[in-house]
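Next comes coords.cif, with mmCIF, C-alpha atoms.
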data_upload
#
loop_
_atom_site.label_atom_id
_atom_site.label_comp_id
_atom_site.auth_asym_id
_atom_site.auth_seq_id
_atom_site.Cartn_x
_atom_site.Cartn_y
_atom_site.Cartn_z
CA MET A 7 27.02 10.13 -57.11
CA MET A 8 23.51 11.18 -58.14
CA ASP A 9 22.42 7.54 -58.44
CA MET A 10 23.64 6.85 -54.90
CA THR A 11 22.03 9.99 -53.47
CA PHE A 12 18.72 9.57 -55.32
CA PRO A 13 18.20 5.81 -55.94
CA GLY A 14 16.15 5.02 -59.02
CA VAL A 15 16.14 8.55 -60.42
CA VAL A 16 19.08 8.12 -62.82
CA PRO A 17 18.23 5.96 -65.88
CA MET A 18 21.42 3.90 -65.73
CA HIS A 19 20.57 2.03 -68.94
CA LYS A 20 21.05 5.30 -70.83
CA VAL A 21 24.52 6.01 -69.42
CA ASN A 22 27.49 5.09 -71.61
CA PHE A 23 30.37 4.34 -69.24
CA ASP A 24 32.69 3.57 -72.17
CA ALA A 25 32.21 6.96 -73.82
CA LYS A 26 35.17 7.92 -76.02
CA THR A 27 33.84 10.67 -78.31
CA GLU A 28 32.34 14.12 -77.72
CA TYR A 29 29.01 12.84 -79.03
CA ASP A 30 28.94 10.14 -76.34
CA PHE A 31 29.93 12.70 -73.69
CA ILE A 32 27.09 15.00 -74.75
CA GLN A 33 24.54 12.17 -74.51
CA ASN A 34 25.71 11.38 -70.97
CA TYR A 35 25.48 15.02 -69.91
CA LYS A 36 21.95 15.15 -71.34
CA VAL A 37 21.04 12.29 -69.00
CA LEU A 38 22.53 14.20 -66.05
CA GLN A 39 20.72 17.40 -67.04
CA ASP A 40 17.41 15.49 -67.24
CA VAL A 41 18.04 14.18 -63.72
CA PHE A 42 18.61 17.75 -62.50
CA SER A 43 15.35 18.80 -64.14
CA LYS A 44 13.41 15.97 -62.48
CA LEU A 45 14.83 16.91 -59.08
CA LYS A 46 14.30 20.63 -59.80
CA ILE A 47 17.99 21.34 -59.28
CA ASP A 48 18.80 24.81 -60.59
CA LYS A 49 22.25 23.99 -61.95
CA HIS A 50 23.25 24.62 -65.56
CA ILE A 51 25.77 22.15 -66.97
CA GLU A 52 28.19 23.82 -69.38
CA VAL A 53 28.45 20.84 -71.71
CA ASN A 54 30.48 22.66 -74.38
CA LYS A 55 33.28 23.21 -71.87
CA LEU A 56 33.09 19.86 -70.12
CA VAL A 57 33.32 17.74 -73.29
CA LYS A 58 36.71 19.34 -74.00
CA ALA A 59 37.98 17.41 -70.95
CA ARG A 60 39.85 20.34 -69.47
CA PRO A 61 40.74 19.35 -65.89
CA LEU A 62 39.68 22.54 -64.10
CA ASP A 63 36.22 22.65 -65.71
CA ASN A 64 35.52 19.03 -64.78
CA LEU A 65 37.00 19.49 -61.30
CA GLU A 66 34.62 22.39 -60.61
CA LEU A 67 31.61 20.24 -61.53
CA LEU A 68 32.85 17.36 -59.35
CA GLN A 69 33.38 19.70 -56.42
CA TRP A 70 29.86 21.08 -56.83
CA LEU A 71 28.42 17.55 -57.04
CA LYS A 72 30.29 16.51 -53.89
CA ARG A 73 29.03 19.54 -51.93
CA TYR A 74 25.47 19.03 -53.14
CA CYS A 75 25.34 15.30 -52.38
CA ASP A 76 26.88 15.92 -48.95
CA SER A 77 24.17 18.49 -48.25
CA ILE A 78 21.51 15.86 -49.01
CA ASN A 79 22.91 12.85 -47.18
CA GLY A 80 24.92 14.71 -44.54
CA GLY A 81 28.22 13.55 -46.01
CA ILE A 82 27.47 9.91 -45.11
CA MET A 83 27.95 7.39 -47.90
CA ASN A 84 25.46 4.58 -48.39
CA GLU A 85 27.51 1.51 -47.51
CA ASN A 86 25.04 -0.74 -49.30
CA TYR A 87 25.55 1.07 -52.60
CA ASP A 88 27.61 -0.98 -55.08
CA PRO A 89 28.73 1.28 -57.98
CA VAL A 90 30.23 -1.63 -59.95
CA GLU A 91 26.96 -3.52 -59.84
CA ARG A 92 25.03 -0.40 -60.83
CA ARG A 93 27.33 0.15 -63.81
CA CYS A 94 26.72 -3.44 -64.94
CA LYS A 95 23.02 -2.70 -64.86
CA GLY A 96 23.62 0.48 -66.82
CA GLY A 97 24.91 1.17 -70.28
CA LYS A 98 28.31 -0.51 -69.99
CA ASP A 99 27.24 -3.86 -71.40
CA ARG A 100 25.21 -2.11 -74.05
CA SER A 101 28.13 0.01 -75.15
CA SER A 102 30.42 -3.03 -75.18
CA ARG A 103 28.00 -4.88 -77.42
CA THR A 104 27.76 -1.83 -79.64
CA THR A 105 31.55 -1.67 -79.90
CA GLN A 106 31.76 -5.34 -80.81
CA LYS A 107 28.96 -4.93 -83.34
CA ASN A 108 30.68 -1.92 -84.95
CA SER A 109 33.97 -3.84 -85.06
CA LYS A 110 32.31 -6.81 -86.79
CA SER A 111 30.50 -4.46 -89.17
CA MET A 112 33.77 -2.71 -90.08
CA GLN A 113 35.46 -6.05 -90.70
CA ALA A 114 32.55 -7.21 -92.88
CA ASN A 115 32.75 -3.97 -94.92
CA ILE A 116 36.47 -4.49 -95.46
CA MET A 117 35.88 -8.04 -96.70
CA GLN A 118 33.07 -6.87 -98.97
CA ASN A 119 35.14 -4.05 -100.44
CA CYS A 120 38.07 -6.36 -101.00
CA GLY A 121 35.84 -8.93 -102.71
CA SER A 122 34.62 -6.31 -105.17
CA ASP A 123 38.11 -5.12 -106.16
CA ASP A 124 38.34 -7.34 -109.23
CA ARG A 125 34.99 -6.00 -110.46
CA VAL A 126 35.57 -2.25 -110.07
CA GLY A 127 39.34 -2.17 -110.49
CA PRO A 128 42.22 -2.18 -108.00
CA ARG A 129 41.74 -0.17 -104.82
CA LYS A 130 44.70 1.84 -103.58
CA THR A 131 45.99 0.91 -100.15
CA PRO A 132 49.10 3.01 -99.45
CA ASP A 133 49.67 1.34 -96.06
CA LEU A 134 50.26 -2.05 -97.64
CA LYS A 135 53.79 -2.67 -98.85
CA GLN A 136 53.10 -6.14 -100.23
CA GLU A 137 50.87 -7.08 -103.13
CA LYS A 138 47.52 -8.68 -102.41
CA VAL A 139 47.34 -12.44 -102.65
CA HIS A 140 44.54 -13.74 -104.84
CA SER A 141 42.59 -16.66 -103.50
CA PRO A 142 41.89 -19.73 -105.68
CA ASN A 143 38.26 -18.69 -106.25
CA GLY A 144 39.32 -15.44 -107.90
CA GLY A 145 38.76 -13.16 -104.90
CA VAL A 146 41.32 -11.23 -102.90
CA ASP A 147 42.88 -12.34 -99.62
CA CYS A 148 42.42 -9.39 -97.22
CA THR A 149 44.20 -10.95 -94.26
CA GLU A 150 47.16 -8.59 -94.55
CA GLU A 151 44.96 -5.51 -94.77
CA ILE A 152 42.98 -6.60 -91.72
CA GLN A 153 46.21 -7.13 -89.80
CA VAL A 154 47.48 -3.67 -90.80
CA LEU A 155 44.21 -2.00 -89.72
CA SER A 156 44.22 -3.94 -86.46
CA GLN A 157 47.77 -2.76 -85.77
CA GLU A 158 46.73 0.83 -86.49
CA ILE A 159 43.86 0.51 -84.01
CA THR A 160 46.26 -0.88 -81.39
CA ASP A 161 48.69 2.01 -81.99
CA LEU A 162 45.89 4.55 -81.66
CA LYS A 163 44.75 3.02 -78.37
CA LEU A 164 48.31 3.21 -77.03
CA SER A 165 48.54 6.85 -78.11
CA VAL A 166 45.28 7.65 -76.32
CA ASP A 167 46.51 5.93 -73.15
CA LEU A 168 49.79 7.87 -73.24
CA LEU A 169 47.97 11.16 -73.78
CA GLY A 170 45.68 10.36 -70.86
CA LYS A 171 48.63 9.67 -68.57
CA GLU A 172 50.35 12.87 -69.70
CA ARG A 173 47.17 14.87 -69.07
CA ASP A 174 46.82 13.39 -65.57
CA PHE A 175 50.50 14.14 -64.86
CA TYR A 176 50.19 17.83 -65.72
CA PHE A 177 46.81 18.09 -64.02
CA GLY A 178 48.43 16.79 -60.83
CA LYS A 179 51.03 19.55 -61.05
CA LEU A 180 48.34 22.19 -61.61
CA ARG A 181 46.41 20.88 -58.63
CA ASP A 182 49.51 21.11 -56.41
CA VAL A 183 50.07 24.70 -57.53
CA GLU A 184 46.41 25.50 -56.83
CA ILE A 185 46.59 24.09 -53.30
CA LEU A 186 49.71 26.17 -52.55
CA CYS A 187 48.09 29.32 -53.92
CA GLN A 188 44.90 28.77 -51.92
CA ALA A 189 46.95 28.62 -48.74
CA SER A 190 48.69 31.92 -49.46
CA SER A 191 47.56 35.50 -49.96
CA VAL A 192 50.81 36.93 -51.34
CA PRO A 193 50.45 38.85 -54.63
CA MET A 194 52.19 36.16 -56.65
CA ALA A 195 49.70 33.53 -55.43
CA VAL A 196 46.79 35.86 -56.22
CA ALA A 197 48.17 36.44 -59.73
CA ILE A 198 48.57 32.70 -60.35
CA LYS A 199 44.99 32.07 -59.22
CA LYS A 200 43.82 34.71 -61.71
CA ILE A 201 45.28 32.56 -64.49
CA LEU A 202 44.14 29.21 -63.05
CA TYR A 203 40.53 30.29 -62.60
CA ALA A 204 40.14 32.15 -65.90
CA ALA A 205 36.81 31.03 -67.33
CA ASP A 206 37.72 31.50 -70.99
CA GLU A 207 40.83 31.13 -73.09
CA LYS A 208 41.76 34.79 -73.40
CA GLU A 209 44.76 37.03 -72.89
CA SER A 210 43.06 39.18 -70.25
CA ALA A 211 43.83 36.58 -67.56
CA LEU A 212 47.56 37.17 -67.99
CA SER A 213 47.14 40.93 -68.12
CA GLU A 214 45.03 40.88 -64.93
CA ALA A 215 47.68 38.79 -63.20
CA GLN A 216 50.38 41.22 -64.30
CA GLN A 217 48.29 44.13 -63.03
CA VAL A 218 48.03 42.51 -59.59
CA LEU A 219 51.81 42.15 -59.41
CA SER A 220 52.32 45.69 -60.70
CA GLU A 221 49.99 47.17 -58.06
CA SER A 222 51.79 45.19 -55.39
CA LEU A 223 55.18 46.51 -56.49
CA ASP A 224 53.85 50.07 -56.60
CA SER A 225 52.54 49.79 -53.05
CA ASP A 226 55.95 48.59 -51.84
CA VAL A 227 57.73 51.67 -53.24
CA VAL A 228 57.92 54.47 -50.64
CA ASP A 229 57.41 58.04 -51.85
CA PRO A 230 60.52 60.20 -50.95
CA GLU A 231 58.30 63.07 -49.73
CA GLU A 232 56.35 60.72 -47.49
CA GLU A 233 59.61 59.27 -46.20
CA LYS A 234 60.87 62.77 -45.25
CA SER A 235 57.61 63.58 -43.49
CA VAL A 236 57.93 60.38 -41.52
CA ASP A 237 61.48 61.35 -40.49
#
Now, as a test, write the supplied structure out as structure tokens.
Amino acid sequence: MMDMTFPGVVPMHKVNFDAKTEYDFIQNYKVLQDVFSKLKIDKHIEVNKLVKARPLDNLELLQWLKRYCDSINGGIMNENYDPVERRCKGGKDRSSRTTQKNSKSMQANIMQNCGSDDRVGPRKTPDLKQEKVHSPNGGVDCTEEIQVLSQEITDLKLSVDLLGKERDFYFGKLRDVEILCQASSVPMAVAIKKILYAADEKESALSEAQQVLSESLDSDVVDPEEEKSVD
């Protein structure tokens, strides 16, 4: 969004679009913060919260970005802007090459460690149920170990994908609840919004919500003396 609104200001070659770890997230947010500094935008990015990938924190930043960019370009998108092409010119290819390089490096380390087993003694591999097969030149055939590690990587990727889908599922439910609460001013909706918009993970959000409901119930109870005076 910032690259579209301010062409040439964002150093796309520094952006890692395949970020998977908190370290990568932090580096990307540093790039965004530098862009804000160049444009003299007085907006502090709470990186420590955003890297935790909690939906509401990230949604608030996206909403702010949308409002800000709309205020600059009048809410009109640049039809000539191609985000896919801009990503290709950015850090995506670089990060892909880095991933491939790390994968090859890990595989080379495994082969090297396996080749040195007969010099430093047997290395324990609890995940392998079969004995290692020695090659004719006296080394160790690590094909099985590589296959096991590759399977573990595949399983971890599937787990990450499932967790991502589960997160999106529950975030969708939270968003639906938020929309309903925003359209209502009843005490229950106000109490729910107290919990949804709590800035920190603390118990006071629940207690504040309970206080709102309690005050509402108290206001609905009619004092007997007042009722007599009305009669």
Practice problem: Can you turn the PyMOL selection byres ((chain A and resi 209-221) around 7) into a concrete residue list for this file, as number ranges by chain? | Solution: A: 193-194, 197-198, 200-201, 204, 208, 222-225
Quiz item: Using all atoms listed in the file, which residue out of A:Phe23, A:Tyr29, A:Trp70, A:Phe12 lies closest to Lys44 (chain A)?
Solution: A:Phe12
Quiz item: Can you tell me, as a VMD selection string, what residues are no more than 10 Å from Pro61 (chain A) when counting only C-alpha atoms, ignoring any on the same chain fewer than 4 positions away?
Solution: chain A and resid 56 65 to 66 173 to 174 176 to 178 180 to 181
Quiz item: Of the candidates A:Val57, A:Cys187, A:Ile78, A:Glu52, which shows the shortest atom-to-atom distance to Glu28 (chain A), using all atoms listed in the file?
Solution: A:Val57
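Counting only C-alpha atoms and comparing A:Glu150, A:Tyr35, A:Val192, A:Met7, the residue that lies closest to Lys72 (chain A) is A:Met7.
Proximity ranking of A:Asp63, A:Glu91, A:Glu85, A:Glu151 relative to Thr11 (chain A) places A:Glu85 first, based on only C-alpha atoms.
Shortest separation to Pro89 (chain A) among A:Val183, A:Ile152, A:Ala189, A:Met18 occurs at residue A:Met18, atoms counted being all atoms listed in the file.
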Self-check item: Residue nearest Leu71 (chain A) - candidates A:Lys36, A:Phe42, A:Tyr203, A:Ala59, atoms counted: only C-alpha atoms
Solution: A:Phe42
Box for region 188-200 of chain A: with edges along x, y and z, all listed atoms inside and 8 Å added on each side, what are the centre and edge lengths in Å to one decimal, as JSON?
{"center_x": 48.0, "center_y": 33.7, "center_z": -55.2, "size_x": 24.4, "size_y": 26.2, "size_z": 29.0}
Quiz item: How would you write, as a ChimeraX atom specification, the residues chosen by the PyMOL selection byres ((chain A and resi 17) around 12) on this structure?
Solution: /A:8-9,12-16,18-22,34,36-41,44,92-93,95-97
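In this model, the gap between CA of Leu162 (chain A) and CA of Lys26 (chain A) comes to 12.6 Å.
CA of Gly80 (chain A) is found 19.9 Å from CA of Lys49 (chain A).
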Quiz item: Any idea what the distance is between CA of Asn64 (chain A) and CA of Ile159 (chain A)?
Solution: 28.0 Å
